[in-house]
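Participant: I'm passing along structure_21.cif; it holds mmCIF, C-alpha atoms.
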```
data_model
loop_
_atom_site.label_atom_id
_atom_site.label_comp_id
_atom_site.auth_asym_id
_atom_site.auth_seq_id
_atom_site.Cartn_x
_atom_site.Cartn_y
_atom_site.Cartn_z
CA MET A 169 0.00 0.00 0.00
CA MET A 170 1.23 3.44 -0.90
CA LYS A 171 2.60 5.66 1.91
CA ARG A 172 0.46 8.59 3.02
CA VAL A 173 2.23 11.88 3.31
CA ILE A 174 0.35 15.04 4.17
CA PHE A 175 2.95 17.66 3.67
CA ILE A 176 1.38 21.12 3.85
CA ALA A 177 -0.27 22.81 6.84
CA MET A 178 -3.82 23.89 6.00
CA LEU A 179 -4.52 27.49 6.97
CA ALA A 180 -7.80 29.13 7.71
CA ALA A 181 -8.69 32.41 9.33
CA CYS A 182 -11.18 32.23 12.15
CA GLY A 183 -12.31 35.82 11.64
CA GLY A 184 -13.12 38.59 14.07
CA THR A 185 -10.21 40.70 15.26
CA THR A 186 -7.99 37.70 15.82
CA ARG A 187 -6.08 35.61 13.38
CA HIS A 188 -5.93 31.89 14.01
CA VAL A 189 -3.97 29.33 12.04
CA GLU A 190 -5.41 25.85 11.83
CA THR A 191 -3.62 22.72 10.70
CA GLY A 192 -5.38 20.20 8.52
CA PRO A 193 -7.37 17.50 10.29
CA GLN A 194 -5.30 14.49 11.28
CA THR A 195 -8.02 11.86 11.46
CA ALA A 196 -8.17 8.11 11.04
CA GLN A 197 -8.33 7.66 7.30
CA THR A 198 -10.34 4.98 5.51
CA LYS A 199 -8.47 3.89 2.41
CA ALA A 200 -10.31 2.87 -0.71
CA LYS A 201 -9.93 -0.66 -1.97
CA ARG A 202 -8.39 -0.81 -5.43
CA ASP A 203 -6.17 -2.85 -7.67
CA PRO A 204 -2.43 -2.73 -6.93
CA VAL A 205 -0.80 0.52 -8.01
CA ASN A 206 0.95 0.55 -11.36
CA PRO A 207 4.73 0.42 -10.63
CA ALA A 208 5.45 3.31 -12.97
CA ALA A 209 2.78 5.45 -11.27
CA TYR A 210 4.13 4.49 -7.86
CA LYS A 211 7.62 5.58 -8.92
CA GLU A 212 6.33 9.00 -9.98
CA PHE A 213 4.41 9.36 -6.71
CA GLU A 214 7.50 8.51 -4.67
CA SER A 215 9.48 11.09 -6.66
CA ALA A 216 6.90 13.70 -5.69
CA MET A 217 7.21 12.78 -2.01
CA ARG A 218 10.98 12.90 -2.24
CA ALA A 219 10.84 16.41 -3.70
CA GLU A 220 8.72 17.59 -0.79
CA ARG A 221 10.99 15.95 1.78
CA LEU A 222 14.06 17.62 0.26
CA GLY A 223 12.31 21.01 0.11
CA GLY A 224 13.65 24.05 -1.67
CA PRO A 225 12.05 26.78 -3.81
CA GLU A 226 11.10 24.38 -6.61
CA ALA A 227 9.80 21.59 -4.36
CA SER A 228 6.10 22.19 -4.90
CA GLU A 229 6.44 22.59 -8.65
CA THR A 230 8.50 19.41 -8.93
CA ALA A 231 6.06 17.51 -6.73
CA ARG A 232 3.10 18.73 -8.78
CA ASP A 233 4.71 17.61 -12.04
CA ARG A 234 5.46 14.16 -10.63
CA LEU A 235 1.98 13.78 -9.13
CA ARG A 236 0.38 14.67 -12.45
CA ALA A 237 2.65 12.18 -14.19
CA ALA A 238 1.53 9.50 -11.73
CA LEU A 239 -2.13 10.30 -12.34
CA LYS A 240 -1.64 10.23 -16.10
CA ILE A 241 -0.63 6.60 -15.66
CA ASP A 242 -3.24 5.74 -13.02
CA ASN A 243 -5.90 8.39 -12.26
CA LYS A 244 -7.32 6.41 -9.33
CA ILE A 245 -4.45 7.19 -6.96
CA TRP A 246 -6.43 9.28 -4.50
CA GLU A 247 -3.32 10.13 -2.46
CA ALA A 248 -1.92 11.96 -5.48
CA TRP A 249 -5.13 13.93 -5.97
CA PHE A 250 -5.07 14.81 -2.28
CA ASP A 251 -1.52 16.14 -2.38
CA LEU A 252 -2.25 18.11 -5.56
CA GLY A 253 -5.12 19.71 -3.66
CA VAL A 254 -2.83 20.62 -0.79
CA ILE A 255 -0.35 22.26 -3.17
CA ALA A 256 -3.18 24.22 -4.80
CA TRP A 257 -4.38 25.32 -1.35
CA LYS A 258 -0.90 26.49 -0.44
CA GLU A 259 -0.78 28.59 -3.61
CA GLY A 260 -4.17 30.17 -2.96
CA ASP A 261 -5.92 28.39 -5.84
CA ASP A 262 -9.08 27.35 -4.03
CA ASP A 263 -10.97 26.29 -7.18
CA GLU A 264 -8.21 23.85 -8.11
CA ALA A 265 -7.98 22.59 -4.52
CA ILE A 266 -11.73 21.98 -4.37
CA ASP A 267 -11.61 20.08 -7.67
CA ASP A 268 -8.71 17.90 -6.49
CA PHE A 269 -10.31 17.06 -3.14
CA THR A 270 -13.55 16.26 -4.95
CA LYS A 271 -11.66 13.73 -7.06
CA VAL A 272 -10.34 12.13 -3.86
CA LEU A 273 -13.85 11.80 -2.49
CA ALA A 274 -15.12 10.26 -5.73
CA ILE A 275 -12.63 7.43 -5.14
CA ASN A 276 -12.57 7.36 -1.34
CA PRO A 277 -15.88 8.86 -0.12
CA ASN A 278 -15.17 8.54 3.60
CA HIS A 279 -11.78 10.26 3.57
CA THR A 280 -12.41 12.77 6.33
CA ALA A 281 -9.15 14.66 5.76
CA SER A 282 -10.36 15.50 2.24
CA LEU A 283 -13.78 16.53 3.51
CA MET A 284 -12.13 18.87 5.99
CA ALA A 285 -9.65 20.19 3.42
CA ARG A 286 -12.42 20.85 0.90
CA ALA A 287 -14.44 22.56 3.62
CA GLU A 288 -11.54 24.92 4.31
CA ALA A 289 -11.02 25.63 0.60
CA ASN A 290 -14.73 26.27 0.10
CA ARG A 291 -14.74 28.49 3.16
CA ARG A 292 -11.83 30.61 1.95
CA ALA A 293 -13.42 30.85 -1.51
CA GLY A 294 -16.63 32.16 0.02
CA HIS A 295 -18.67 29.02 -0.77
CA LYS A 296 -20.24 28.92 2.67
CA LYS A 297 -23.07 26.50 1.91
CA GLU A 298 -20.65 23.96 0.43
CA ALA A 299 -18.19 24.42 3.29
CA ARG A 300 -20.92 23.82 5.84
CA GLY A 301 -21.98 20.67 4.02
CA ASP A 302 -18.43 19.33 4.08
CA TYR A 303 -17.98 20.10 7.78
CA GLU A 304 -21.23 18.28 8.53
CA ALA A 305 -20.24 15.31 6.37
CA ALA A 306 -16.86 15.10 8.10
CA VAL A 307 -18.52 15.05 11.53
CA LYS A 308 -20.97 12.35 10.44
CA ALA A 309 -18.15 10.23 9.01
CA MET A 310 -16.37 10.12 12.38
CA GLU A 311 -17.11 7.82 15.29
CA GLU A 312 -18.77 9.60 18.19
CA ASP A 313 -15.77 8.90 20.42
CA ASP A 314 -13.26 10.23 17.89
CA PRO A 315 -11.58 13.21 19.61
CA ASN A 316 -11.15 14.94 16.24
CA ARG A 317 -14.93 15.14 15.94
CA ARG A 318 -15.04 17.91 18.51
CA ASP A 319 -12.29 19.83 16.73
CA VAL A 320 -14.14 19.66 13.41
CA ALA A 321 -17.30 20.88 15.09
CA ALA A 322 -15.36 23.81 16.54
CA ARG A 323 -14.15 24.73 13.05
CA GLN A 324 -17.70 24.60 11.69
CA ALA A 325 -18.92 26.73 14.58
CA SER A 326 -16.16 29.27 13.93
CA MET A 327 -17.35 29.67 10.34
CA LEU A 328 -20.90 30.24 11.53
CA ARG A 329 -19.60 32.73 14.07
CA ASP A 330 -17.75 34.60 11.33
CA ASP A 331 -21.05 34.93 9.49
CA GLY A 332 -22.91 36.13 12.58
CA ASP A 333 -24.96 32.90 12.82
CA PHE A 334 -24.40 32.68 16.56
CA ASP A 335 -27.43 30.51 17.39
CA ASP A 336 -26.49 27.92 14.77
CA ALA A 337 -22.88 27.97 15.95
CA VAL A 338 -23.92 27.29 19.54
CA GLU A 339 -26.26 24.53 18.39
CA VAL A 340 -23.44 22.78 16.50
CA LEU A 341 -21.33 22.81 19.65
CA ARG A 342 -24.18 21.62 21.87
CA ASP A 343 -25.00 18.73 19.52
CA THR A 344 -21.36 17.68 19.53
CA VAL A 345 -21.10 17.88 23.32
CA ARG A 346 -24.20 15.68 23.67
CA THR A 347 -22.66 12.92 21.54
CA SER A 348 -18.90 13.34 21.93
CA GLY A 349 -18.33 15.28 25.12
CA ILE A 350 -16.55 18.53 25.82
CA ASN A 351 -12.97 19.69 25.32
CA ALA A 352 -10.97 22.90 25.55
CA LYS A 353 -11.45 23.77 21.87
CA ILE A 354 -15.24 23.60 22.26
CA TYR A 355 -15.12 25.90 25.26
CA THR A 356 -12.68 28.25 23.50
CA GLU A 357 -14.91 28.55 20.46
CA LEU A 358 -17.95 29.07 22.66
CA GLY A 359 -16.04 31.81 24.45
CA GLN A 360 -15.31 33.54 21.14
CA ILE A 361 -18.99 33.35 20.21
CA TYR A 362 -19.94 35.02 23.46
CA LEU A 363 -17.19 37.58 22.92
CA ALA A 364 -18.61 38.40 19.48
CA GLN A 365 -22.04 38.78 21.09
CA LYS A 366 -20.55 41.11 23.74
CA ARG A 367 -21.63 38.67 26.45
CA LEU A 368 -18.38 39.16 28.30
CA GLU A 369 -19.30 37.45 31.58
CA LEU A 370 -20.29 34.25 29.78
CA ALA A 371 -17.11 34.44 27.68
CA GLN A 372 -15.07 34.70 30.86
CA LEU A 373 -16.89 31.72 32.36
CA VAL A 374 -16.37 29.29 29.47
CA LEU A 375 -12.80 30.38 28.78
CA THR A 376 -11.97 29.74 32.43
CA LYS A 377 -13.43 26.25 31.98
CA ALA A 378 -11.25 25.82 28.88
CA VAL A 379 -8.17 26.60 30.97
CA GLY A 380 -9.31 23.98 33.47
CA LEU A 381 -9.49 21.33 30.74
CA ASP A 382 -6.25 22.25 28.97
CA ALA A 383 -4.03 24.77 30.71
CA LYS A 384 -1.36 24.31 28.05
CA ASP A 385 -3.43 25.34 25.02
CA PRO A 386 -2.16 28.76 23.85
CA ALA A 387 -5.37 29.37 21.90
CA VAL A 388 -7.26 29.66 25.18
CA TYR A 389 -4.95 32.40 26.46
CA ASN A 390 -5.11 34.15 23.10
CA ALA A 391 -8.90 34.25 23.45
CA LEU A 392 -8.59 35.44 27.05
CA ALA A 393 -6.30 38.22 25.84
CA MET A 394 -8.92 39.38 23.34
CA LEU A 395 -11.50 39.30 26.12
CA ALA A 396 -9.24 41.42 28.33
CA LEU A 397 -8.87 43.92 25.49
CA ARG A 398 -12.64 44.13 25.15
CA GLN A 399 -12.85 44.77 28.90
CA GLY A 400 -10.38 47.64 28.60
CA LYS A 401 -7.59 45.76 30.40
CA ALA A 402 -4.74 46.51 27.99
CA GLN A 403 -1.90 45.48 30.30
CA GLU A 404 -3.54 42.19 31.21
CA SER A 405 -4.24 41.58 27.56
CA PHE A 406 -0.58 42.02 26.60
CA GLN A 407 0.49 39.71 29.43
CA LEU A 408 -1.90 37.03 28.18
CA PHE A 409 -0.68 37.44 24.61
CA ASP A 410 2.88 36.98 25.88
CA GLN A 411 1.85 33.93 27.90
CA ALA A 412 0.20 32.36 24.87
CA ALA A 413 3.23 33.03 22.68
CA SER A 414 5.66 31.61 25.26
CA MET A 415 3.71 28.36 25.63
CA ASP A 416 4.36 27.22 22.07
CA ALA A 417 7.16 28.57 19.88
CA ASN A 418 5.14 27.63 16.81
CA TYR A 419 1.99 29.43 17.95
CA ILE A 420 2.44 32.91 16.56
CA ASP A 421 -1.20 33.99 16.57
CA ALA A 422 -0.89 35.71 19.93
CA ARG A 423 2.20 37.60 18.85
CA PHE A 424 0.48 38.67 15.63
CA ASN A 425 -2.62 39.81 17.50
CA LYS A 426 -0.50 41.76 19.97
CA ALA A 427 1.28 43.45 17.08
CA SER A 428 -2.07 44.27 15.47
CA VAL A 429 -3.23 45.97 18.64
CA LEU A 430 0.01 47.96 18.81
CA LEU A 431 -0.39 49.03 15.18
CA ASP A 432 -3.94 50.20 15.87
CA ALA A 433 -2.60 52.19 18.81
CA GLY A 434 0.11 53.79 16.68
CA ASP A 435 2.92 52.11 18.63
CA TYR A 436 4.84 51.19 15.50
CA ALA A 437 8.18 50.55 17.20
CA ARG A 438 6.85 47.85 19.53
CA ALA A 439 4.72 46.36 16.78
CA LYS A 440 7.81 46.16 14.58
CA VAL A 441 9.66 44.12 17.22
CA GLU A 442 6.87 41.54 17.35
CA LEU A 443 6.45 41.35 13.58
CA VAL A 444 10.18 41.07 12.84
CA ALA A 445 10.27 38.06 15.18
CA ILE A 446 7.37 36.43 13.32
CA VAL A 447 8.77 37.07 9.84
CA GLU A 448 12.22 35.82 10.83
CA LYS A 449 10.67 32.61 12.14
CA ARG A 450 8.20 32.21 9.29
CA PRO A 451 9.21 34.10 6.14
CA ASP A 452 6.12 32.73 4.40
CA ASP A 453 3.76 34.35 6.89
CA TYR A 454 2.75 36.99 4.39
CA ALA A 455 0.08 38.56 6.58
CA ALA A 456 2.79 39.33 9.13
CA ALA A 457 5.04 40.68 6.36
CA VAL A 458 2.27 43.05 5.22
CA ALA A 459 1.79 44.21 8.80
CA LEU A 460 5.54 44.69 9.19
CA GLY A 461 5.43 46.98 6.17
CA VAL A 462 2.75 49.03 7.92
CA ALA A 463 5.02 49.33 10.99
CA HIS A 464 7.92 50.47 8.79
CA ARG A 465 5.67 53.04 7.12
CA GLY A 466 4.53 54.34 10.50
CA LEU A 467 8.18 54.81 11.47
CA LYS A 468 8.83 56.61 8.16
CA GLU A 469 11.09 53.75 7.02
CA TYR A 470 9.59 53.88 3.55
CA PRO A 471 12.23 51.87 1.66
CA ASP A 472 11.86 49.03 4.19
CA ALA A 473 8.07 49.12 3.86
CA LYS A 474 8.38 49.00 0.07
CA LYS A 475 10.79 46.07 0.31
CA GLN A 476 8.39 44.04 2.48
CA TRP A 477 5.39 44.60 0.23
CA GLU A 478 7.35 43.90 -2.95
CA ARG A 479 8.51 40.60 -1.46
CA VAL A 480 4.92 39.65 -0.65
CA LEU A 481 3.88 40.48 -4.22
CA LYS A 482 6.65 38.27 -5.54
CA GLU A 483 6.18 35.30 -3.22
CA ALA A 484 2.61 35.18 -1.89
CA PRO A 485 -0.14 33.30 -3.76
CA LYS A 486 -1.55 35.60 -6.43
CA LYS A 487 -5.13 35.26 -5.24
CA SER A 488 -4.40 35.59 -1.54
CA ASP A 489 -5.53 38.44 0.69
CA ALA A 490 -1.91 39.13 1.60
CA HIS A 491 -1.03 39.67 -2.07
CA MET A 492 -3.91 42.12 -2.50
CA ASP A 493 -3.15 43.92 0.78
CA ALA A 494 0.49 44.34 -0.23
CA LEU A 495 -0.49 45.75 -3.62
CA TRP A 496 -2.88 48.26 -2.06
CA ASN A 497 -0.32 49.36 0.53
CA LEU A 498 2.41 49.67 -2.07
CA ALA A 499 0.19 51.87 -4.23
CA THR A 500 -0.69 54.22 -1.37
CA LEU A 501 2.93 54.30 -0.18
CA LYS A 502 4.07 55.57 -3.57
CA LEU A 503 1.20 58.02 -3.91
CA ASP A 504 1.12 59.46 -0.40
CA PHE A 505 4.63 59.07 0.98
CA MET A 506 7.27 58.52 -1.72
CA GLU A 507 6.22 61.07 -4.34
CA ASP A 508 5.94 58.47 -7.07
CA PRO A 509 2.52 59.21 -8.62
CA ASN A 510 3.09 57.23 -11.80
CA GLY A 511 4.19 54.13 -9.92
CA GLY A 512 1.36 54.51 -7.43
CA LYS A 513 -1.27 54.86 -10.16
CA ALA A 514 0.09 51.79 -11.94
CA ASP A 515 -0.09 49.72 -8.74
CA LEU A 516 -3.57 51.03 -8.01
CA GLU A 517 -4.82 50.08 -11.46
CA ARG A 518 -3.23 46.66 -11.09
CA TYR A 519 -4.94 46.22 -7.72
CA LEU A 520 -8.34 47.03 -9.24
CA GLN A 521 -7.72 44.51 -12.02
CA GLU A 522 -6.63 41.70 -9.70
CA ALA A 523 -8.55 42.19 -6.45
CA PRO A 524 -12.06 40.72 -6.12
CA ASN A 525 -14.87 43.18 -5.46
CA GLY A 526 -15.24 41.81 -1.97
CA HIS A 527 -11.70 42.63 -0.90
CA SER A 528 -11.62 44.99 2.07
CA ARG A 529 -9.84 47.80 0.19
CA HIS A 530 -11.65 47.60 -3.14
CA GLN A 531 -13.98 50.52 -2.55
CA ASP A 532 -11.11 52.60 -1.12
CA ALA A 533 -9.08 51.82 -4.22
CA GLU A 534 -11.88 52.92 -6.54
CA ASN A 535 -12.20 56.20 -4.64
CA LYS A 536 -8.45 56.71 -4.62
CA CYS A 537 -8.24 56.06 -8.34
CA LYS A 538 -10.83 58.76 -8.99
CA GLU A 539 -8.98 61.13 -6.70
CA VAL A 540 -5.61 60.72 -8.45
CA LYS A 541 -7.19 60.31 -11.90
CA CYS A 542 -5.73 56.92 -12.76
CA HIS A 543 -7.23 56.64 -16.23
#
```
As C-alpha cells - that is how I would like this structure written.

Facilitator:
Amino acid sequence: MMKRVIFIAMLAACGGTTRHVETGPQTAQTKAKRDPVNPAAYKEFESAMRAERLGGPEASETARDRLRAALKIDNKIWEAWFDLGVIAWKEGDDDEAIDDFTKVLAINPNHTASLMARAEANRRAGHKKEARGDYEAAVKAMEEDDPNRRDVAARQASMLRDDGDFDDAVEVLRDTVRTSGINAKIYTELGQIYLAQKRLELAQLVLTKAVGLDAKDPAVYNALAMLALRQGKAQESFQLFDQAASMDANYIDARFNKASVLLDAGDYARAKVELVAIVEKRPDDYAAAVALGVAHRGLKEYPDAKKQWERVLKEAPKKSDAHMDALWNLATLKLDFMEDPNGGKADLERYLQEAPNGHSRHQDAENKCKEVKCH
C-alpha cells in the first residue's frame, strides 16, 4: 500500500479581530480498496514525495509535475489527488484545490481529511453553503468517540460565528457535546462566540473552563487576551498574549494579535519588534510581512516598507488576501509618501484589475483612483 504523506499545513482564518492558524485534520483515514498501483505510477508518486521531503524553492512545482505524471498513468491514486489539492491550497488556488479534493472523495468517499480540506477551501473561496456541508459530512463520518470530531465541530462553529450565525454555531457545539463530550477547543470557540455577542461574563466563564481542561493550550490564552482587550484591560491583555506566545514557539497567533493591537494604537516601534520576530521565524507568513510593512511606514522607514510589500507580491499566492493587501499598501505608499505618482497609479490600477470586489480595500481603491485620476 502506498505511503500517506500530508505535507502542507492547511490554513484558515477564524475571523473577528484575531487571526488563528489551523492545521489540517489528522483523522483516522479509511483507504479505498483498489487494484495494486501501477509500478510506474508508484515511482512518480515517490518522486513527488521525495521532492517535498528535500524542500527548496522548486519543491512544490516538482512535486506537482510528478503527481500529475503519476495520475496520467493511473488516475485512481487518491493520495496523489489529495496532495495536488494541498499544493493548490498552499498557492491560494481554491478552485483547483476543491476540484482535487472532490476527485479524492469520488474514489474514497469517507476520507475525512479531504472533507475537511475541501471545507476549508470552500470556506476561503466564500462558498459557505458547500463548506458547511463538508464540515457536517466530516462530523458524520467520524465515530462519536473520535476526539477529532469535537475539533471539526469547533471549526464549523467558527465559520458560523464569522457569518454572525451565533445561534447555529452554539447549536453545533451543543450537539457535539451531547454525543462526543466537551474539550478545551469547544469551550474556547464558545467563548469567542460570546465575545462576538458582547456577552463578556459568559465568555469569561467558558474560557476559564477551557483553561481547566487544557491549561497548556495557547489558543485559550489568546482568546482570554482578546477578552481582556474588550474589557479595557490593555496590560492584562498584553500579558496574556505573551503567555500564549511563550507556551508554544510555533503558535504565533498571539504575537500577531498583539502586534495588530500595537499598530492600531500607533505604537509602530513595539509592533515592529513583534512582527520582525514572526517574519524571521516564518518568512512565508505573508500577513505578518504586510503588517511589518505598515510598521515600517509608520516609522517613516519607507524603503523598508516598500521592500516588504514587494517581497509579498513576488512570493505570496496571487489570489491571496496578503497579495492584495500588499499591492494596495504599495500603491498608497508611492502616492502618499514617496512622491511616485506614476508608480502609485500603476499599482492602483493593477490592484483594481486583480482584487475581487469583496476585498476589504476595493472601494477605497476605486475612490483613490478617482482622486488621483488613474485613467

Participant: Can you pull out the residues contacting A:Arg529? Cut-off 10 Å, using all atoms listed in the file, and skip same-chain residues under 2 positions away; I want them as a ChimeraX atom specification.

Facilitator: /A:492-493,496-497,519-520,523-527,531-535

Participant: Please produce a file of those selected residues containing C-alpha atoms, as a short mmCIF file (atom, residue, chain, number, x, y, z; two decimals), keeping the file's coordinate frame.

Facilitator:
```cif
data_model
loop_
_atom_site.label_atom_id
_atom_site.label_comp_id
_atom_site.auth_asym_id
_atom_site.auth_seq_id
_atom_site.Cartn_x
_atom_site.Cartn_y
_atom_site.Cartn_z
CA MET A 492 -3.91 42.12 -2.50
CA ASP A 493 -3.15 43.92 0.78
CA TRP A 496 -2.88 48.26 -2.06
CA ASN A 497 -0.32 49.36 0.53
CA TYR A 519 -4.94 46.22 -7.72
CA LEU A 520 -8.34 47.03 -9.24
CA ALA A 523 -8.55 42.19 -6.45
CA PRO A 524 -12.06 40.72 -6.12
CA ASN A 525 -14.87 43.18 -5.46
CA GLY A 526 -15.24 41.81 -1.97
CA HIS A 527 -11.70 42.63 -0.90
CA GLN A 531 -13.98 50.52 -2.55
CA ASP A 532 -11.11 52.60 -1.12
CA ALA A 533 -9.08 51.82 -4.22
CA GLU A 534 -11.88 52.92 -6.54
CA ASN A 535 -12.20 56.20 -4.64
#
```

Participant: Between A:Gly359, A:Pro386, A:Gly301, A:Pro277, single out the one closest to A:Gln372, counting only C-alpha atoms.

Facilitator: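 Answer, going by the shortest atom-to-atom distance: A:Gly359.
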
Participant: When you draw a straight line from atom CA of A:Asp268 to atom CA of A:Leu252, how long is it in Å?

Facilitator: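 A separation of 6.5 Å between them.
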
Participant: Give me the result of the PyMOL selection byres ((chain A and resi 275) around 9) on this file, residue by residue, as an MDAnalysis selection string.

Facilitator: chainID A and resid 200 244:246 270:274 276:277

Participant: If the PyMOL selection byres ((chain A and resi 421) around 12) were run on this exact file, what residues would it hold? Put them as a PyMOL selection string.

Facilitator: chain A and resi 181-182+185-190+386-391+393-394+409-420+422-428+442-443+446+453+455-456

Participant: Mind telling me what the PyMOL selection byres ((chain A and resi 263) around 10) catches here, as a list of chain:residue names?

Facilitator: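 Selected by the PyMOL selection byres ((chain A and resi 263) around 10) here: A:Gly253, A:Ala256, A:Trp257, A:Gly260, A:Asp261, A:Asp262, A:Glu264, A:Ala265, A:Ile266, A:Asp267, A:Asp268, A:Arg286, A:Ala289, A:Asn290, A:Ala293.
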
Participant: Just need the box for stretch 413-423 of chain A, edges along x, y and z, holding every atom the file lists for it with 5 Å tacked onto each side, so centre and edge lengths in Å to one decimal, as JSON.

Facilitator:
```
{"center_x": 3.0, "center_y": 32.4, "center_z": 21.1, "size_x": 18.4, "size_y": 20.4, "size_z": 19.1}
```

Participant: Measure the distance from atom CA of A:Leu363 to atom CA of A:Ala437 in Å and round it to one decimal.

Facilitator: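 Atom CA of A:Ala437 lies at a distance of 29.1 Å from atom CA of A:Leu363.
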
Participant: Between atom CA of A:Asp302 and atom CA of A:Asp314, what distance in Å does the model show, to one decimal?

Facilitator: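 Distance reported for this atom pair: 17.3 Å.
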
Participant: Pick from A:Lys353, A:Arg221, A:Lys401, A:Lys366: nearest to A:Leu381, with only C-alpha atoms counted?

Facilitator: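 Checking each candidate against A:Leu381, we get A:Lys353 as the closest.
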
Participant: With a distance cut-off of 10 Å and all atoms listed in the file, select the neighbouring residues of A:Ala305, excluding the residue or stretch itself and same-chain residues fewer than 4 positions from it, and output the selection as an NGL selection string.

Facilitator: :A and (278 or 280 or 283-284 or 287 or 299-301 or 309-310)

Participant: If you count all atoms listed in the file, which residues fall within 12 Å of A:Met327, apart from same-chain ones fewer than 6 positions away, as a PyMOL selection string?

Facilitator: chain A and resi 180-184+287-288+290-292+294-301+303+320-321+333-334+336-338+340+357+360-361

Participant: Which of these residues is nearest to A:Leu498, using only C-alpha atoms: A:Val441, A:Leu235, A:Val462, A:Ala484?

Facilitator: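 Among the listed residues, A:Val462 lies closest to A:Leu498.
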